[in-house]
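Visitor: The structure that follows is given in the form of structure tokens.
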Amino acid sequence: MSGIRLVDPLGERLLDAGDFPISLGGPGSTVVLPGCAPHEVLAEVAMRDGRFVLAPRQGATLRMDGRPVDGPVPMSEQSVTDLGRALLRLESRDDGPVLVVEHEAVANVTLPPLAEEPALAPGDVARIRIEPVDYRAPGARPRPRRRALPRGRLAVGVAGLAVLAILALLLLSVAVSVRTTPELEPDRVDFVGTGLELPLGGRYLVLPGEYTLEVEAKGYVPAALTVTVSRDDAQEFVVPLERLPGNVVFDTGGIEGVLSVDGTELGPVPGEYPLAPGTREVLVEAQRYAQYRVSLDVVGGGESQSVDVRLEPDFAEVRVESVPAGARVLLEDQELGVTPLVADVDAGRYTLALEHPDYRRYETPITVKAGEPLTIGPVELGLPDGMLAVRTEPEGADVSVSGRYRGRTPATLDLAPGLAHEVVVSRPGYASQTRNIAVSPGERKTLTLTLEAVLGQVTVKGEPADAELFVDGRSRGLANQTLSLPAAPHALEIRKPGLATFKATVTPKPELPQVVEYELTSPAQARLARLPPLVQSPVGAELKLVRGGTFTMGSPRREPGRRSNEAERRIELERPFYIGVREVTNREFREFRPNHASGIFKEESLDLDRQPVARVSWQDAAAFCNWLSGKEGLPPAYVSGNGRLTLAEPVTTGYRLPTEAEWEFVARHDGSQAARKYPWGDALPVAPRSGNYADQSAIYLTPVVISGYDDGFRVAAPVGSFGPNPLGLFDLGGNVSEWTTDHYSIYVTGADTVATDPAGPEQGETWVVRGSSWLTGKTPDLRLAWRDVGAAGKPDLGFRIARYAE
């Protein structure tokens, strides 16, 4: 079917099969019918299998040849369809089918006039003449009356109707613009659903309504966009266009590989692939060839491109020759063949070996570079080694050949033929033996030696005597005995149920007897013995281990200068503890609280880094201890409640202030017991350089000074400036007085009462202060039993730290 003509009062149009279906209805339809509202569609005409089919819309009243049309029906040349105020028919002409639409005038239906009937007497019969009329078969279209018109008048009429139609279209249409992204001149713009859109100066005249806007441009994917044309001014529709892929041919010169683009594997190459336009990362991989990578700019738009993929070989030719020929060639223990051999080997580092049944194995490292041929040899293979098996009694002796260590017996060794080899066999505790051995090519020999022990005497003694002795894991009976052992290291263990095992390593020496002494202890004693004697805090302060003990705290009633708060008490310190070797310094405290200042005292600085921290309250000192515990991962010794810190119960292993009992025990310890009266001893006067007290130079700082004493410092001295006490602790007398962890109380106890690890009352508003300071000038206050009380910081009050060892 070459073409279809549509004839209606607006003129004649030529259609093709792609224009169907066409719509019949109000403005906006392909064929505009009188009496229809804008966008109202009565029916559509479609083409199916070369035939025209009329399909009414729901609710439309159509009649074809006088019969109602309820659904799609084929159209024939004899059929006439009543569209209300128009008729539709199909005609067949020499130049093809024609769809004809005729508008009809609609008039009121005129009823025939009523005739007067004559009066009839009873029994009369009326006689009425019936005139004949022309017969027309049902469904036959009326034969139009033709009236010849002059051709000139007809042409003018048609032209007038065309002008009126164009004017009506212009008045009803709206000018809209269509723009594409990217901006280009499209090859086709079509508002699908309207019978006519007129391009006008870069814009289009379109009747208002909803359409599918189709845009086509060379090199781009056809685009479709649903648009609504209204009567608003300056309407613009932007249609995004996607560029078509490009066809890219990858030529690898016949080498088969795999193509990946932007990280996605596409398939084998050589071959042709459609690729989206833009910069693409191309990877070609082929076995035994280096990867080929390139950034490719794909033009797209259906255009073809070609990429010449030059794959570089990732292997090289390796040639191996040997004398004699016929040796097996092994590459990383994988056999390649026999010499002479030519093989392609991948680039890399390898160990190449030649093996011949009658010659020594040859081995060499090689480096294969891609594309660079490599020749190895001719390699002259040497005669095969001989084999030497070395056996000793006892086993485990070290074997050296010509000064080089070769293993431990039992051992099998390769020896070069035709040479004398010095074989030395040695084992700790046994005399070394030397042999000269020669072997022939391929010969196998065995060397068997019995080693003679070199003994030393070891005596073991100790308590308890009934403990059991083990040497190198084997029981040797009761521990107290003398042993003759080979002169080699031996592991000794002495065991008894319920006691900690004693362990030692001893190396006996000939003609030099040795004694090993032991004393088995309980597990608790052994655990305590393993505690390190000195540890460091997170700020670098040293703490010394004190294993505890029993002593009398306080002072006797008749001691000169004694205060009423120094009642004597029996104290047992059971838990081992660590205590600070020195008082906490300003530098250490400022790591916790950077803005702290110990200040000055009458123009004398107390704020130097190595001076002891001062003007800190008990709560400040406790907070510093908890901070140290946190840094070391220890449980805090103080818990917070009601805005203040109190000692945890039970007392943890975290950092804390020393208890009053701990402080007095270490301060008064004279090396054997805790009974010292003063920091320097038990008698006056004050020993020279025994501590930092209120000396003669402090006369302008305090009204009471120690006459004739000069310690070299007017205020606090750097910690550790004076000698330590018998336990190795500094400044327990003088420098600054020190906080303890105990709430202050006055004790009244019986002589037989013993307090174990006391930590003071659970509650209180003040705490115990111990030790004299650089402001102490009264002799009674220099005593180590002296006690004071406080809550706030003072210029001559600081602290040292402590914690339980376990």
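Residue numbering restarts at 1 in every chain; chains get A, B, ... in the order shown in the structure tokens, and ligands count up from 1 in that same order.
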Identify, on the basis of only C-alpha atoms, every residue whose closest approach to range 515-518 of chain A does not exceed 9 Å; exclude the query and any residue fewer than 5 positions from it along the same chain; express the result as a PDB file with N, CA and C atoms, in the first residue's frame.
Guide:
```pdb
ATOM      1  N   GLN A 457      81.120 -32.854  89.735  1.00  0.00           N
ATOM      2  CA  GLN A 457      80.423 -33.201  90.976  1.00  0.00           C
ATOM      3  C   GLN A 457      79.508 -32.051  91.398  1.00  0.00           C
ATOM      4  N   VAL A 458      78.231 -32.377  91.698  1.00  0.00           N
ATOM      5  CA  VAL A 458      77.237 -31.397  92.143  1.00  0.00           C
ATOM      6  C   VAL A 458      76.596 -31.924  93.420  1.00  0.00           C
ATOM      7  N   THR A 459      76.652 -31.130  94.475  1.00  0.00           N
ATOM      8  CA  THR A 459      76.030 -31.489  95.753  1.00  0.00           C
ATOM      9  C   THR A 459      74.770 -30.658  95.947  1.00  0.00           C
ATOM     10  N   VAL A 460      73.660 -31.326  96.287  1.00  0.00           N
ATOM     11  CA  VAL A 460      72.375 -30.654  96.512  1.00  0.00           C
ATOM     12  C   VAL A 460      72.038 -30.800  97.988  1.00  0.00           C
ATOM     13  N   LYS A 461      71.725 -29.679  98.654  1.00  0.00           N
ATOM     14  CA  LYS A 461      71.334 -29.753 100.061  1.00  0.00           C
ATOM     15  C   LYS A 461      70.377 -28.616 100.385  1.00  0.00           C
ATOM     16  N   GLY A 462      69.528 -28.871 101.385  1.00  0.00           N
ATOM     17  CA  GLY A 462      68.570 -27.855 101.787  1.00  0.00           C
ATOM     18  C   GLY A 462      67.450 -28.443 102.596  1.00  0.00           C
ATOM     19  N   GLU A 463      66.401 -27.650 102.807  1.00  0.00           N
ATOM     20  CA  GLU A 463      65.239 -28.049 103.589  1.00  0.00           C
ATOM     21  C   GLU A 463      63.977 -27.849 102.758  1.00  0.00           C
ATOM     22  N   PRO A 464      63.024 -28.754 102.948  1.00  0.00           N
ATOM     23  CA  PRO A 464      63.021 -29.962 103.785  1.00  0.00           C
ATOM     24  C   PRO A 464      63.851 -31.062 103.135  1.00  0.00           C
ATOM     25  N   THR A 482      74.911 -36.079  96.524  1.00  0.00           N
ATOM     26  CA  THR A 482      75.962 -35.601  95.623  1.00  0.00           C
ATOM     27  C   THR A 482      75.894 -36.403  94.331  1.00  0.00           C
ATOM     28  N   ILE A 494      63.401 -29.529  92.602  1.00  0.00           N
ATOM     29  CA  ILE A 494      63.201 -30.141  93.913  1.00  0.00           C
ATOM     30  C   ILE A 494      61.749 -29.897  94.286  1.00  0.00           C
ATOM     31  N   PHE A 502      61.327 -25.801  93.633  1.00  0.00           N
ATOM     32  CA  PHE A 502      62.596 -25.093  93.447  1.00  0.00           C
ATOM     33  C   PHE A 502      63.179 -25.525  92.096  1.00  0.00           C
ATOM     34  N   LYS A 503      63.623 -24.543  91.286  1.00  0.00           N
ATOM     35  CA  LYS A 503      64.193 -24.843  89.988  1.00  0.00           C
ATOM     36  C   LYS A 503      65.538 -24.144  89.848  1.00  0.00           C
ATOM     37  N   ALA A 504      66.484 -24.856  89.217  1.00  0.00           N
ATOM     38  CA  ALA A 504      67.809 -24.269  88.974  1.00  0.00           C
ATOM     39  C   ALA A 504      68.434 -24.975  87.794  1.00  0.00           C
ATOM     40  N   VAL A 506      72.259 -26.026  86.337  1.00  0.00           N
ATOM     41  CA  VAL A 506      73.646 -26.147  86.763  1.00  0.00           C
ATOM     42  C   VAL A 506      74.457 -26.798  85.649  1.00  0.00           C
TER      43      VAL A 506
END
```
Visitor: For Asp358 in chain A, list every protein, DNA or RNA residue within 9 Å, evaluated using only C-alpha atoms, and leave out those in the same chain fewer than 4 positions away; present the list as a ChimeraX atom specification.
Guide: /A:383-384,442
Visitor: Let me make sure I understand: among A:Val581, A:Leu628, A:Ala805, A:Ala224, which one has the smallest atom-to-atom distance to Pro532 in chain A if we use only C-alpha atoms?
Guide: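 Closest to Pro532 in chain A, using only C-alpha atoms: A:Ala805.
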Visitor: Report, in Å to a single decimal, how far apart CA of Ala290 in chain A and CA of Val248 in chain A are.
Guide: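 These two atoms are separated by 21.8 Å.
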Visitor: Applying 9 Å and only C-alpha atoms, which residues near Leu608 in chain A remain after dropping the ones on its own chain fewer than 5 positions away? List them as a list in words.
Guide: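 Surrounding residues, per the criterion: Thr585, Asn586, Arg587, Ser598, Val613 and Pro718 of chain A.
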Visitor: If we count only C-alpha atoms and set the cut-off at 8 Å, which residues sit around range 50-60 of chain A, ignoring sequence neighbours fewer than 4 positions away in its own chain? Please answer as an NGL selection string.
Guide: :A and (1 or 41-46 or 69-75)
Visitor: Would you pick out the contacts of range 720-725 of chain A at 10 Å or less, using only C-alpha atoms, so that residues sharing its chain but fewer than 5 positions from it are not included, and give the list as an MDAnalysis selection string?
Guide: chainID A and resid 581:583 610:612 666:671 679:681 689:692 711 713 730:735
Visitor: In terms of the shortest atom-to-atom distance over only C-alpha atoms, which of A:Glu591, A:Asp788, A:Glu649, A:Glu566 is closest to Lys631 in chain A?
Guide: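 Nearest candidate to Lys631 in chain A out of A:Glu591, A:Asp788, A:Glu649, A:Glu566: A:Glu591.
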Visitor: Please identify all polymer residues within 12 Å of Val454 in chain A, counting only C-alpha atoms, omitting same-chain residues fewer than 6 positions from it, and present them as JSON, numbers by chain.
Guide: {"A": [426, 427, 428, 429, 430, 431, 432, 484, 485, 486, 487, 488, 507, 508, 509, 510, 511]}
Visitor: Would you please give, as a short mmCIF file (atom, residue, chain, number, x, y, z; two decimals) with C-alpha atoms, in the first residue's frame, all residues of range 412-563 of chain A that DSSP assigns to strand (DSSP E) based on the backbone?
Guide:
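Result went into result-v8.cif, see below:
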```
data_model
loop_
_atom_site.label_atom_id
_atom_site.label_comp_id
_atom_site.auth_asym_id
_atom_site.auth_seq_id
_atom_site.Cartn_x
_atom_site.Cartn_y
_atom_site.Cartn_z
CA THR A 412 73.57 -38.40 56.82
CA LEU A 413 76.01 -36.09 55.03
CA ASP A 414 77.10 -35.49 51.41
CA LEU A 415 80.90 -35.42 51.03
CA ALA A 420 90.02 -36.12 53.10
CA HIS A 421 87.38 -34.48 55.32
CA GLU A 422 87.91 -33.71 59.03
CA VAL A 423 84.76 -34.83 60.87
CA VAL A 424 84.39 -33.50 64.47
CA VAL A 425 81.66 -34.88 66.77
CA SER A 426 80.93 -33.03 70.04
CA GLN A 433 86.07 -36.97 68.82
CA THR A 434 87.72 -36.28 65.44
CA ARG A 435 88.02 -38.55 62.37
CA ASN A 436 89.45 -38.01 58.85
CA ILE A 437 87.09 -39.51 56.26
CA ALA A 438 87.46 -39.85 52.47
CA ARG A 444 78.21 -44.75 51.17
CA LYS A 445 80.00 -45.01 54.54
CA THR A 446 78.87 -45.18 58.17
CA LEU A 447 80.74 -43.67 61.16
CA THR A 448 79.66 -44.94 64.62
CA LEU A 449 81.13 -43.36 67.77
CA THR A 450 80.61 -43.91 71.51
CA LEU A 455 81.78 -35.64 84.68
CA GLY A 456 81.54 -32.97 87.34
CA GLN A 457 80.42 -33.20 90.98
CA VAL A 458 77.24 -31.40 92.14
CA THR A 459 76.03 -31.49 95.75
CA VAL A 460 72.38 -30.65 96.51
CA LYS A 461 71.33 -29.75 100.06
CA GLY A 462 68.57 -27.85 101.79
CA GLU A 463 65.24 -28.05 103.59
CA GLU A 468 62.42 -35.24 95.81
CA LEU A 469 65.19 -34.35 93.30
CA PHE A 470 64.68 -34.38 89.52
CA VAL A 471 67.54 -34.00 86.99
CA ARG A 474 64.05 -37.77 85.76
CA SER A 475 63.72 -38.54 89.47
CA ARG A 476 67.02 -39.12 91.29
CA GLY A 477 65.64 -39.79 94.79
CA LEU A 478 65.88 -37.58 97.90
CA GLN A 481 72.82 -35.99 97.74
CA THR A 482 75.96 -35.60 95.62
CA LEU A 483 75.73 -36.30 91.89
CA SER A 484 78.30 -36.95 89.16
CA LEU A 485 76.87 -35.40 85.99
CA PRO A 486 78.24 -34.84 82.48
CA HIS A 490 71.22 -29.75 83.54
CA ALA A 491 67.79 -28.70 84.81
CA LEU A 492 67.33 -29.39 88.52
CA GLU A 493 63.92 -29.47 90.21
CA ILE A 494 63.20 -30.14 93.91
CA ARG A 495 59.58 -30.91 94.65
CA PHE A 502 62.60 -25.09 93.45
CA LYS A 503 64.19 -24.84 89.99
CA ALA A 504 67.81 -24.27 88.97
CA THR A 505 70.15 -24.89 86.04
CA VAL A 506 73.65 -26.15 86.76
CA GLN A 514 79.54 -27.26 92.98
CA VAL A 515 76.88 -26.90 95.68
CA VAL A 516 73.20 -26.14 95.02
CA GLU A 517 71.26 -25.03 98.13
CA TYR A 518 67.48 -24.92 98.27
CA GLU A 519 64.70 -23.98 100.66
CA LEU A 534 61.10 -1.67 92.53
CA VAL A 535 58.38 -0.46 90.12
CA GLN A 536 57.62 2.81 88.31
CA GLU A 542 59.82 4.92 91.72
CA LEU A 543 58.01 2.81 94.33
CA LYS A 544 59.76 0.31 96.59
CA LEU A 545 58.34 -3.01 97.74
CA VAL A 546 57.75 -3.37 101.52
CA GLY A 549 55.80 -6.73 109.47
CA THR A 550 54.65 -6.18 113.06
CA PHE A 551 55.50 -3.10 115.18
CA THR A 552 54.25 -0.77 117.92
CA MET A 553 52.80 2.43 116.57
#
```
Visitor: Give me, as a PyMOL selection string, the residues of range 443-646 of chain A that a backbone DSSP run labels alpha helix (DSSP H).
Guide: chain A and resi 523-529+586-592+618-632
Visitor: Quick one, how far is CA of Ile699 in chain A from CA of Ala683 in chain A?
Guide: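 According to the coordinates, CA of Ile699 in chain A and CA of Ala683 in chain A are separated by 24.2 Å.
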Visitor: Which of these residues is nearest to Glu363 in chain A, using only C-alpha atoms: A:Lys778, A:Lys218, A:Arg391, A:Arg328?
Guide: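 When distances to Glu363 in chain A are compared using only C-alpha atoms, the smallest one comes from A:Arg328.
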Visitor: Pick out the closest residue to Pro340 in chain A from this set: A:Pro576, A:Pro357, A:Gly377, A:Gly96. Count only C-alpha atoms.
Guide: A:Gly377
